[in-house]
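Content type compact mmCIF, C-alpha atoms, from the file final-v7.txt:
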```txt
# COMPACT_ATOMS: atom_id res chain seq x y z
CA MET A 1 -39.04 130.69 201.62
CA PHE A 2 -40.94 132.50 198.84
CA ASN A 3 -43.27 133.98 201.48
CA ASN A 4 -44.41 130.40 202.19
CA VAL A 5 -46.79 130.81 199.27
CA TYR A 6 -46.47 127.25 197.94
CA LYS A 7 -47.24 125.40 201.16
CA ASP A 8 -50.44 123.35 200.78
CA LYS A 9 -51.05 124.79 197.31
CA LYS A 10 -51.81 122.80 194.16
CA VAL A 11 -49.07 123.29 191.56
CA VAL A 12 -48.93 121.96 187.98
CA VAL A 13 -45.46 121.44 186.49
CA THR A 14 -45.36 120.55 182.80
CA GLY A 15 -42.16 118.84 181.74
CA HIS A 16 -41.72 117.52 185.28
CA THR A 17 -39.69 114.48 184.19
CA GLY A 18 -37.00 116.58 182.50
CA PHE A 19 -33.84 117.97 184.08
CA LYS A 20 -35.15 121.35 185.25
CA GLY A 21 -38.63 119.99 185.81
CA THR A 22 -37.40 117.28 188.17
CA TRP A 23 -35.41 119.74 190.29
CA LEU A 24 -38.39 122.13 190.39
CA THR A 25 -40.80 119.35 191.30
CA ARG A 26 -38.61 118.12 194.16
CA TRP A 27 -38.13 121.64 195.46
CA LEU A 28 -41.88 122.30 195.40
CA THR A 29 -42.60 119.11 197.34
CA MET A 30 -40.00 120.16 199.91
CA LEU A 31 -41.83 123.49 200.17
CA GLY A 32 -45.06 121.66 201.00
CA ALA A 33 -46.83 121.90 197.63
CA GLU A 34 -49.14 119.28 196.15
CA VAL A 35 -47.75 118.78 192.65
CA MET A 36 -49.28 117.43 189.47
CA GLY A 37 -46.63 116.71 186.85
CA ILE A 38 -47.46 116.49 183.14
CA SER A 39 -44.96 115.01 180.66
CA ASP A 40 -45.19 112.76 177.63
CA ALA A 41 -42.35 110.42 178.66
CA ILE A 42 -39.31 109.76 180.83
CA PRO A 43 -36.83 111.51 178.53
CA THR A 44 -33.51 109.89 179.47
CA THR A 45 -31.89 106.78 180.88
CA PRO A 46 -30.74 107.19 183.61
CA SER A 47 -33.54 109.49 184.77
CA MET A 48 -33.26 111.78 187.76
CA PHE A 49 -37.07 111.71 188.03
CA GLU A 50 -36.95 107.95 188.54
CA ILE A 51 -33.88 108.06 190.79
CA LEU A 52 -35.66 110.48 193.15
CA GLY A 53 -38.79 108.32 193.18
CA LEU A 54 -40.94 111.33 192.39
CA GLU A 55 -43.76 109.33 190.83
CA GLN A 56 -44.71 108.24 194.35
CA LYS A 57 -44.54 111.79 195.73
CA ILE A 58 -46.77 113.61 193.21
CA HIS A 59 -49.68 113.20 190.78
CA HIS A 60 -47.83 111.88 187.74
CA ARG A 61 -49.64 112.26 184.39
CA VAL A 62 -48.31 111.00 181.06
CA ILE A 63 -49.72 113.49 178.55
CA ASP A 64 -48.31 115.08 175.40
CA ILE A 65 -48.95 118.82 175.70
CA ARG A 66 -49.95 118.78 172.03
CA ASP A 67 -53.02 116.75 173.09
CA ALA A 68 -55.24 119.70 173.98
CA ALA A 69 -58.20 117.66 175.22
CA ALA A 70 -56.17 115.43 177.57
CA LEU A 71 -54.20 118.41 178.84
CA ALA A 72 -57.38 120.38 179.60
CA GLN A 73 -59.03 117.45 181.35
CA ALA A 74 -56.03 116.88 183.63
CA ILE A 75 -55.44 120.52 184.59
CA HIS A 76 -59.10 121.45 185.00
CA GLY A 77 -59.66 118.37 187.15
CA PHE A 78 -56.71 119.29 189.40
CA GLU A 79 -57.75 122.96 189.81
CA PRO A 80 -54.24 124.35 190.33
CA ASP A 81 -53.25 127.46 192.24
CA PHE A 82 -50.00 127.71 190.22
CA VAL A 83 -48.81 126.46 186.83
CA PHE A 84 -45.15 126.26 185.78
CA HIS A 85 -44.86 125.41 182.10
CA LEU A 86 -41.48 123.84 181.28
CA ALA A 87 -42.47 121.07 178.84
CA ALA A 88 -40.52 121.48 175.59
CA GLN A 89 -38.32 119.91 172.97
CA ALA A 90 -35.14 121.40 174.40
CA ILE A 91 -32.31 119.95 172.29
CA VAL A 92 -30.91 122.12 169.48
CA SER A 93 -29.56 119.15 167.50
CA THR A 94 -32.95 117.43 167.64
CA SER A 95 -34.57 120.53 166.16
CA TYR A 96 -32.44 120.03 163.05
CA MET A 97 -33.55 116.40 162.72
CA ASP A 98 -37.20 117.04 163.60
CA PRO A 99 -38.07 120.70 162.98
CA LEU A 100 -41.83 120.18 162.80
CA GLY A 101 -41.86 118.17 166.02
CA THR A 102 -39.90 120.93 167.75
CA ILE A 103 -42.22 123.64 166.47
CA SER A 104 -45.40 121.75 167.32
CA THR A 105 -44.22 120.97 170.86
CA ASN A 106 -42.73 124.36 171.70
CA VAL A 107 -45.27 126.59 169.95
CA LEU A 108 -48.54 124.68 169.71
CA GLY A 109 -47.86 122.97 173.03
CA THR A 110 -47.37 126.32 174.74
CA ALA A 111 -50.55 127.62 173.08
CA ASN A 112 -52.44 124.61 174.45
CA VAL A 113 -51.20 125.32 177.97
CA LEU A 114 -52.18 128.97 177.65
CA ASP A 115 -55.61 128.01 176.32
CA VAL A 116 -56.21 125.74 179.31
CA ILE A 117 -55.16 128.54 181.67
CA ARG A 118 -57.56 131.03 180.09
CA GLN A 119 -60.44 128.61 180.65
CA LEU A 120 -59.74 128.09 184.36
CA SER A 121 -62.63 129.09 186.59
CA LYS A 122 -60.62 129.76 189.76
CA PRO A 123 -57.68 132.08 190.57
CA CYS A 124 -54.36 130.87 189.20
CA VAL A 125 -50.80 132.12 188.76
CA ALA A 126 -48.81 130.86 185.76
CA VAL A 127 -45.15 131.14 184.80
CA ILE A 128 -44.34 130.25 181.19
CA ILE A 129 -40.68 129.25 180.87
CA THR A 130 -38.99 129.65 177.50
CA SER A 131 -35.24 130.16 177.00
CA ASP A 132 -32.48 132.72 176.60
CA LYS A 133 -32.38 131.55 172.98
CA CYS A 134 -35.70 133.30 172.34
CA TYR A 135 -33.67 136.44 171.53
CA GLU A 136 -32.34 137.29 168.08
CA ASN A 137 -28.70 136.65 168.92
CA VAL A 138 -26.24 138.99 167.19
CA GLU A 139 -23.47 137.94 169.62
CA TRP A 140 -22.87 141.34 171.08
CA GLU A 141 -20.95 141.56 174.33
CA TRP A 142 -23.70 142.92 176.58
CA GLY A 143 -26.72 141.07 177.92
CA TYR A 144 -30.08 140.90 176.20
CA ARG A 145 -32.93 142.77 177.84
CA GLU A 146 -36.56 141.74 177.88
CA THR A 147 -37.36 144.42 175.30
CA ASP A 148 -34.82 143.19 172.72
CA HIS A 149 -35.83 141.49 169.48
CA LEU A 150 -37.10 137.91 169.59
CA GLY A 151 -36.20 135.36 166.94
CA GLY A 152 -33.54 132.86 165.98
CA LYS A 153 -31.41 131.51 163.17
CA ASP A 154 -32.14 127.88 164.09
CA ILE A 155 -35.45 126.08 164.58
CA TYR A 156 -35.09 125.65 168.34
CA SER A 157 -34.39 129.34 168.93
CA ALA A 158 -37.18 130.37 166.57
CA SER A 159 -39.62 128.06 168.38
CA LYS A 160 -38.78 129.71 171.70
CA GLY A 161 -39.16 133.19 170.22
CA ALA A 162 -42.51 132.11 168.77
CA ALA A 163 -43.60 130.74 172.17
CA GLU A 164 -42.95 134.18 173.66
CA VAL A 165 -45.01 135.82 170.89
CA ILE A 166 -47.87 133.38 171.59
CA PHE A 167 -47.65 134.14 175.33
CA HIS A 168 -47.83 137.88 174.59
CA ALA A 169 -50.83 137.41 172.28
CA TYR A 170 -52.76 135.24 174.74
CA PHE A 171 -52.18 137.72 177.52
CA HIS A 172 -53.47 140.69 175.56
CA SER A 173 -56.29 138.79 173.87
CA PHE A 174 -57.69 136.87 176.83
CA LEU A 175 -55.94 137.37 180.15
CA LYS A 176 -55.13 141.05 180.53
CA HIS A 177 -58.49 141.86 182.08
CA ARG A 178 -58.90 138.67 184.08
CA PRO A 179 -58.21 139.69 187.70
CA ASP A 180 -58.20 136.04 188.78
CA ILE A 181 -55.40 135.00 186.39
CA ARG A 182 -51.83 136.29 186.72
CA ILE A 183 -49.21 135.23 184.20
CA ALA A 184 -45.63 136.02 183.18
CA SER A 185 -42.84 134.47 181.12
CA ALA A 186 -39.34 133.61 182.27
CA ARG A 187 -36.13 133.24 180.26
CA ALA A 188 -32.91 131.52 181.29
CA GLY A 189 -30.16 129.46 179.75
CA ASN A 190 -26.77 127.76 180.16
CA VAL A 191 -28.19 125.75 183.03
CA ILE A 192 -26.08 122.96 184.50
CA GLY A 193 -26.49 120.66 187.48
CA GLY A 194 -26.59 117.09 188.64
CA GLY A 195 -29.11 114.70 187.14
CA ASP A 196 -29.02 115.98 183.57
CA TRP A 197 -28.61 113.25 180.95
CA ALA A 198 -30.02 114.99 177.88
CA LYS A 199 -27.93 114.57 174.75
CA ASP A 200 -25.61 117.20 173.26
CA ARG A 201 -25.05 119.06 176.52
CA ILE A 202 -21.50 119.73 177.52
CA ILE A 203 -21.60 118.48 181.11
CA VAL A 204 -23.62 115.40 180.15
CA ASP A 205 -21.26 114.54 177.29
CA SER A 206 -18.33 115.03 179.64
CA VAL A 207 -19.46 112.79 182.50
CA LEU A 208 -20.57 110.03 180.13
CA SER A 209 -17.16 110.08 178.43
CA TRP A 210 -15.27 110.21 181.73
CA ASN A 211 -17.29 107.29 183.05
CA ASP A 212 -15.92 105.32 180.07
CA HIS A 213 -12.40 106.59 180.93
CA LYS A 214 -12.30 108.67 177.74
CA PRO A 215 -11.81 112.40 177.14
CA VAL A 216 -14.90 114.26 175.99
CA GLN A 217 -14.94 115.47 172.38
CA ILE A 218 -15.68 119.21 172.29
CA ARG A 219 -16.53 121.28 169.22
CA SER A 220 -16.23 124.88 170.39
CA PRO A 221 -13.69 125.10 173.22
CA GLU A 222 -13.54 128.90 173.20
CA ALA A 223 -17.33 129.42 173.27
CA THR A 224 -18.15 131.52 176.32
CA ARG A 225 -21.29 131.11 178.41
CA PRO A 226 -22.60 132.52 181.70
CA TRP A 227 -23.01 129.11 183.35
CA GLN A 228 -25.53 128.84 186.16
CA HIS A 229 -26.63 126.04 188.45
CA VAL A 230 -30.17 124.82 187.85
CA LEU A 231 -31.35 126.08 191.24
CA GLU A 232 -30.58 129.69 190.27
CA PRO A 233 -33.25 130.15 187.57
CA LEU A 234 -35.64 127.90 189.50
CA SER A 235 -35.42 130.28 192.45
CA GLY A 236 -36.30 133.04 189.99
CA TYR A 237 -39.31 131.16 188.63
CA LEU A 238 -40.58 130.40 192.12
CA TRP A 239 -40.06 133.98 193.31
CA LEU A 240 -41.73 135.34 190.17
CA GLY A 241 -44.74 133.12 190.87
CA ALA A 242 -44.88 134.28 194.48
CA ASN A 243 -44.72 137.94 193.44
CA LEU A 244 -47.33 137.52 190.71
CA ALA A 245 -49.74 136.25 193.33
CA THR A 246 -49.60 139.58 195.18
CA ASN A 247 -48.57 142.19 192.59
CA GLU A 248 -50.85 142.73 189.58
CA LYS A 249 -48.32 145.13 188.03
CA LEU A 250 -46.16 142.13 187.06
CA ASN A 251 -49.00 140.56 185.09
CA GLY A 252 -48.05 139.95 181.45
CA GLU A 253 -44.37 140.79 181.95
CA SER A 254 -41.27 138.80 180.99
CA PHE A 255 -38.15 138.32 183.11
CA ASN A 256 -34.59 137.13 182.54
CA PHE A 257 -32.83 135.01 185.15
CA GLY A 258 -29.08 134.55 184.90
CA PRO A 259 -25.90 134.18 186.97
CA ARG A 260 -23.37 136.69 188.22
CA ALA A 261 -21.29 138.39 185.53
CA GLU A 262 -18.13 136.69 186.85
CA GLN A 263 -19.53 133.31 185.80
CA ASN A 264 -18.79 133.85 182.10
CA ARG A 265 -16.38 131.02 181.34
CA ARG A 266 -15.07 129.24 178.26
CA VAL A 267 -16.21 125.69 177.64
CA ILE A 268 -12.70 124.31 178.25
CA GLU A 269 -12.51 126.09 181.63
CA LEU A 270 -15.83 124.64 182.77
CA ILE A 271 -14.88 121.11 181.73
CA ALA A 272 -11.50 121.27 183.44
CA ASP A 273 -13.02 122.64 186.66
CA VAL A 274 -15.74 119.95 186.87
CA PHE A 275 -13.15 117.27 186.05
CA GLU A 276 -11.29 118.16 189.27
CA TYR A 277 -14.05 116.29 191.14
CA TRP A 278 -13.56 113.18 189.01
CA ASN A 279 -10.10 112.48 190.46
CA LYS A 280 -8.83 110.59 187.39
CA ASP A 281 -5.53 110.87 185.52
CA PHE A 282 -6.57 110.84 181.83
CA ASP A 283 -7.07 113.92 179.62
CA CYS A 284 -10.48 115.38 180.26
CA TYR A 285 -11.16 116.63 176.71
CA GLN A 286 -10.13 116.50 173.05
CA ILE A 287 -11.00 119.15 170.49
CA THR A 288 -12.82 117.95 167.39
CA GLY A 289 -13.54 119.77 164.15
CA ASN A 290 -16.96 118.15 163.85
CA ILE A 291 -19.42 121.05 164.07
CA PRO A 292 -22.75 119.73 162.71
CA PHE A 293 -24.73 122.93 163.30
CA HIS A 294 -24.25 126.60 164.15
CA GLU A 295 -23.46 127.43 167.75
CA ALA A 296 -23.35 130.94 169.13
CA GLY A 297 -20.03 132.13 170.46
CA LEU A 298 -21.62 134.31 173.13
CA LEU A 299 -25.10 134.67 174.60
CA LYS A 300 -25.90 136.27 177.94
CA LEU A 301 -28.82 138.00 179.61
CA ASN A 302 -29.31 141.30 181.39
CA CYS A 303 -31.19 140.57 184.64
CA ASP A 304 -31.64 144.14 185.87
CA LYS A 305 -35.42 143.91 185.51
CA ALA A 306 -35.61 140.94 187.90
CA LEU A 307 -33.35 142.78 190.33
CA PHE A 308 -35.45 145.97 190.19
CA HIS A 309 -38.98 144.53 190.26
CA LEU A 310 -38.45 141.29 192.20
CA ARG A 311 -35.26 142.11 194.09
CA TRP A 312 -34.04 138.76 192.78
CA GLU A 313 -30.35 138.10 192.33
CA PRO A 314 -28.28 134.94 191.90
CA THR A 315 -26.91 133.19 194.96
CA LEU A 316 -23.92 131.15 193.84
CA PHE A 317 -20.43 132.09 192.75
CA TYR A 318 -18.87 130.16 189.89
CA GLN A 319 -16.80 127.80 192.03
CA GLU A 320 -19.83 126.98 194.17
CA CYS A 321 -21.79 126.14 191.04
CA VAL A 322 -19.00 123.89 189.78
CA ARG A 323 -18.69 122.19 193.17
CA MET A 324 -22.39 121.31 193.27
CA VAL A 325 -22.27 119.90 189.73
CA GLY A 326 -19.01 118.01 190.28
CA GLU A 327 -20.07 116.54 193.60
CA TRP A 328 -23.43 115.33 192.27
CA TYR A 329 -22.01 113.43 189.30
CA ALA A 330 -19.02 112.13 191.24
CA GLY A 331 -21.46 110.94 193.89
CA PHE A 332 -23.50 109.10 191.27
CA TYR A 333 -20.74 107.59 189.15
CA ILE A 334 -17.77 107.15 191.49
CA GLN A 335 -18.79 107.23 195.15
CA ASP A 336 -22.09 105.32 194.93
CA ARG A 337 -23.79 107.95 197.08
CA ASP A 338 -27.51 108.16 197.74
CA VAL A 339 -28.16 110.92 195.20
CA GLN A 340 -31.75 111.31 196.37
CA SER A 341 -30.38 112.53 199.70
CA LEU A 342 -27.60 114.43 197.93
CA THR A 343 -30.15 116.28 195.79
CA GLU A 344 -32.18 117.27 198.84
CA GLN A 345 -29.01 118.33 200.65
CA GLN A 346 -28.00 120.56 197.73
CA ILE A 347 -31.41 122.24 197.72
CA GLU A 348 -31.13 122.81 201.48
CA GLN A 349 -27.57 124.11 201.11
CA TYR A 350 -28.65 126.45 198.34
CA MET A 351 -31.47 127.86 200.46
CA GLN A 352 -29.08 128.28 203.40
CA LEU A 353 -26.56 130.19 201.27
CA ALA A 354 -29.33 132.38 199.87
CA THR A 355 -30.51 133.11 203.40
CA GLU A 356 -27.00 133.99 204.60
CA ARG A 357 -26.58 136.33 201.62
CA GLY A 358 -29.87 138.08 202.26
CA ASN A 359 -31.71 137.12 199.09
CA GLN A 360 -35.20 138.54 199.19
CA TRP A 361 -37.05 135.27 198.57
CA THR A 362 -35.63 133.67 201.73
CA HIS A 363 -37.57 135.84 204.16
CA SER A 364 -41.05 137.28 204.41
CA SER A 365 -41.58 140.63 202.73
```

As structure tokens, what does this structure read like?
Amino acid sequence: MFNNVYKDKKVVVTGHTGFKGTWLTRWLTMLGAEVMGISDAIPTTPSMFEILGLEQKIHHRVIDIRDAAALAQAIHGFEPDFVFHLAAQAIVSTSYMDPLGTISTNVLGTANVLDVIRQLSKPCVAVIITSDKCYENVEWEWGYRETDHLGGKDIYSASKGAAEVIFHAYFHSFLKHRPDIRIASARAGNVIGGGDWAKDRIIVDSVLSWNDHKPVQIRSPEATRPWQHVLEPLSGYLWLGANLATNEKLNGESFNFGPRAEQNRRVIELIADVFEYWNKDFDCYQITGNIPFHEAGLLKLNCDKALFHLRWEPTLFYQECVRMVGEWYAGFYIQDRDVQSLTEQQIEQYMQLATERGNQWTHSS
């Protein structure tokens, strides 16, 4: 997998206690990497990070990425071969309540990570993860390309666009002519999967309501999104890191990672499909008129660049994505399954499907 590039390598994951960070950290440990995780807190209760017992499997560091000195000391002391930067304030509603906190974490925090990377004295590959919301969304029907305008009408989106601008500036100012440092940014969105308990996310709101035997309240039932399982973009990040290590032409580039086009679904379709795994007889949703902030009706990415340069493509079909999500939460809430084993099984199953479908990252190039 991934040309076996992560085996016995030192990998830093910022934001390792979050939803995507926890899945990435567990996958990296399964690939044989030695991981240092950097986060300022355990962000949710329950916490997938705690459920998986990852603190005992990695070097766990509690550091706010806005603390430049502590961040530098930890990363320089670890001497990583790879850095995956995921740490962020990732909730749109929170950005309305705390705009300055969102900006300082997502922009200054990213700048701090980049500044640490530029001061490394050994070869390192870094992938800076932002979001599909970094694009100036005009809600057109085709996918955004990496060359489209960055920006955003809300603070969260603007902070992600700004993080991309900072990445671009650091690359051209400090890293472009450093042969020992390779770096790229990655953009993805509409990520779902087991183990997410962050607020104001449709699957999380749904399973919490269903666990209380109540229908979930939804604001925008007709909003359409290209939903993707969390392992899809993570496979892209890992494959991008592996390719950066061997191909200097990718240095300084940005890549989108998204699902198959057939996975565009309305919110009400997604909820109803996941609810099938709940096996209960109450209504799964109610529509509410409470819309506290602007939400885009449509946002999707064009992933042709990743296909052309990395030969990366998504693995799962929509129903497979829904099955993995539904089975994970049903296992946790209803069946009392060992979700640590279930998580590992889903990663193994995903890799097996990717292998059967001939995805490039599953075999040596």

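Residues lying at most 9 Å from (-53.8, 142.7, 189.2) in file coordinates, with only C-alpha atoms considered, are Lys176, His177, Arg178, Pro179, Asp180, Ile181, Arg182, Leu244, Ala245, Thr246, Asn247, Glu248, Lys249, Leu250 and Asn251 of chain A.
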
(request) Within 9 Å of Ile183 of chain A, counting all atoms listed in the file, which residues show up once you throw out same-chain ones fewer than 2 positions away? Write them as a PyMOL selection string, please. (result) chain A and resi 124-128+171+175+181+185+241+244+250-253

(request) For a cut-off of 12 Å around (-11.0, 117.9, 185.8), file coordinates, pick out all residues using all atoms listed in the file and list them as a VMD selection string. (result) chain A and resid 203 206 to 207 210 215 to 216 268 to 285 322 to 323 326 330

(message) What does the structure give for the distance between atom CA of Tyr237 of chain A and atom CA of Asn106 of chain A, in Å to one decimal?
(response) 18.6 Å

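Comparing A:Lys7, A:Arg61, A:His309, A:Lys160 by their smallest distance to Ser131 of chain A, the closest is A:Lys160 (using all atoms listed in the file).
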
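Atom CA of Tyr135 of chain A is found 20.9 Å from atom CA of Leu114 of chain A.
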
(request) Pick out the closest residue to Asn137 of chain A from this set: A:Val267, A:Leu301, A:Thr355, A:Gln89. Count all atoms listed in the file. (result) A:Leu301

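Within 8 Å of Leu310 of chain A, once only C-alpha atoms are used and residues closer than 2 positions along the same chain are dropped, the contacting residues are Trp239, Leu240, Asn243, Lys305, Ala306, Leu307, Phe308 and Trp312 of chain A.
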
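If you look at atom CA of Glu222 of chain A and atom CA of Thr288 of chain A, they are 12.4 Å away from each other.
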
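Proximity ranking of A:Ile155, A:Ile63, A:Ile166, A:Met30 relative to Met97 of chain A places A:Ile155 first, based on only C-alpha atoms.
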
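The closest residue to Phe257 of chain A, picked from A:Gln56, A:Thr224, A:Ser235, A:Thr343 and counting all atoms listed in the file, is A:Ser235.
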
(request) Could you check which of A:Arg260, A:Arg118, A:Arg66, A:His60 is closest to Pro314 of chain A, using only C-alpha atoms? (result) A:Arg260

Generate a file for segment 24-39 of chain A, containing N, CA and C atoms, as an mmCIF file, in the first residue's frame.
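After the write, result11.cif holds the following:
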```
data_model
loop_
_atom_site.group_PDB
_atom_site.id
_atom_site.type_symbol
_atom_site.label_atom_id
_atom_site.label_comp_id
_atom_site.auth_asym_id
_atom_site.auth_seq_id
_atom_site.Cartn_x
_atom_site.Cartn_y
_atom_site.Cartn_z
ATOM 1 N N LEU A 24 -6.965 8.806 10.115
ATOM 2 C CA LEU A 24 -5.646 8.840 9.471
ATOM 3 C C LEU A 24 -4.579 8.258 10.390
ATOM 4 N N THR A 25 -4.636 8.625 11.666
ATOM 5 C CA THR A 25 -3.643 8.126 12.610
ATOM 6 C C THR A 25 -3.708 6.609 12.728
ATOM 7 N N ARG A 26 -4.920 6.060 12.828
ATOM 8 C CA ARG A 26 -5.043 4.602 12.938
ATOM 9 C C ARG A 26 -4.560 3.914 11.675
ATOM 10 N N TRP A 27 -4.888 4.492 10.528
ATOM 11 C CA TRP A 27 -4.434 3.887 9.266
ATOM 12 C C TRP A 27 -2.906 3.892 9.185
ATOM 13 N N LEU A 28 -2.287 5.009 9.564
ATOM 14 C CA LEU A 28 -0.828 5.094 9.516
ATOM 15 C C LEU A 28 -0.178 4.072 10.443
ATOM 16 N N THR A 29 -0.735 3.873 11.630
ATOM 17 C CA THR A 29 -0.154 2.869 12.524
ATOM 18 C C THR A 29 -0.313 1.473 11.945
ATOM 19 N N MET A 30 -1.418 1.223 11.246
ATOM 20 C CA MET A 30 -1.602 -0.073 10.587
ATOM 21 C C MET A 30 -0.616 -0.259 9.443
ATOM 22 N N LEU A 31 -0.172 0.850 8.851
ATOM 23 C CA LEU A 31 0.816 0.794 7.771
ATOM 24 C C LEU A 31 2.247 0.709 8.290
ATOM 25 N N GLY A 32 2.410 0.727 9.613
ATOM 26 C CA GLY A 32 3.736 0.561 10.196
ATOM 27 C C GLY A 32 4.466 1.848 10.504
ATOM 28 N N ALA A 33 3.765 2.988 10.500
ATOM 29 C CA ALA A 33 4.405 4.264 10.783
ATOM 30 C C ALA A 33 4.505 4.510 12.286
ATOM 31 N N GLU A 34 5.495 5.300 12.669
ATOM 32 C CA GLU A 34 5.612 5.812 14.033
ATOM 33 C C GLU A 34 5.017 7.214 14.022
ATOM 34 N N VAL A 35 3.930 7.411 14.730
ATOM 35 C CA VAL A 35 3.154 8.648 14.613
ATOM 36 C C VAL A 35 3.298 9.518 15.856
ATOM 37 N N MET A 36 3.529 10.805 15.627
ATOM 38 C CA MET A 36 3.349 11.814 16.665
ATOM 39 C C MET A 36 2.102 12.610 16.326
ATOM 40 N N GLY A 37 1.149 12.652 17.260
ATOM 41 C CA GLY A 37 -0.060 13.429 17.058
ATOM 42 C C GLY A 37 -0.021 14.705 17.867
ATOM 43 N N ILE A 38 -0.451 15.811 17.245
ATOM 44 C CA ILE A 38 -0.467 17.114 17.908
ATOM 45 C C ILE A 38 -1.868 17.694 17.818
ATOM 46 N N SER A 39 -2.514 17.881 18.981
ATOM 47 C CA SER A 39 -3.830 18.500 19.060
ATOM 48 C C SER A 39 -3.921 19.266 20.371
#
```
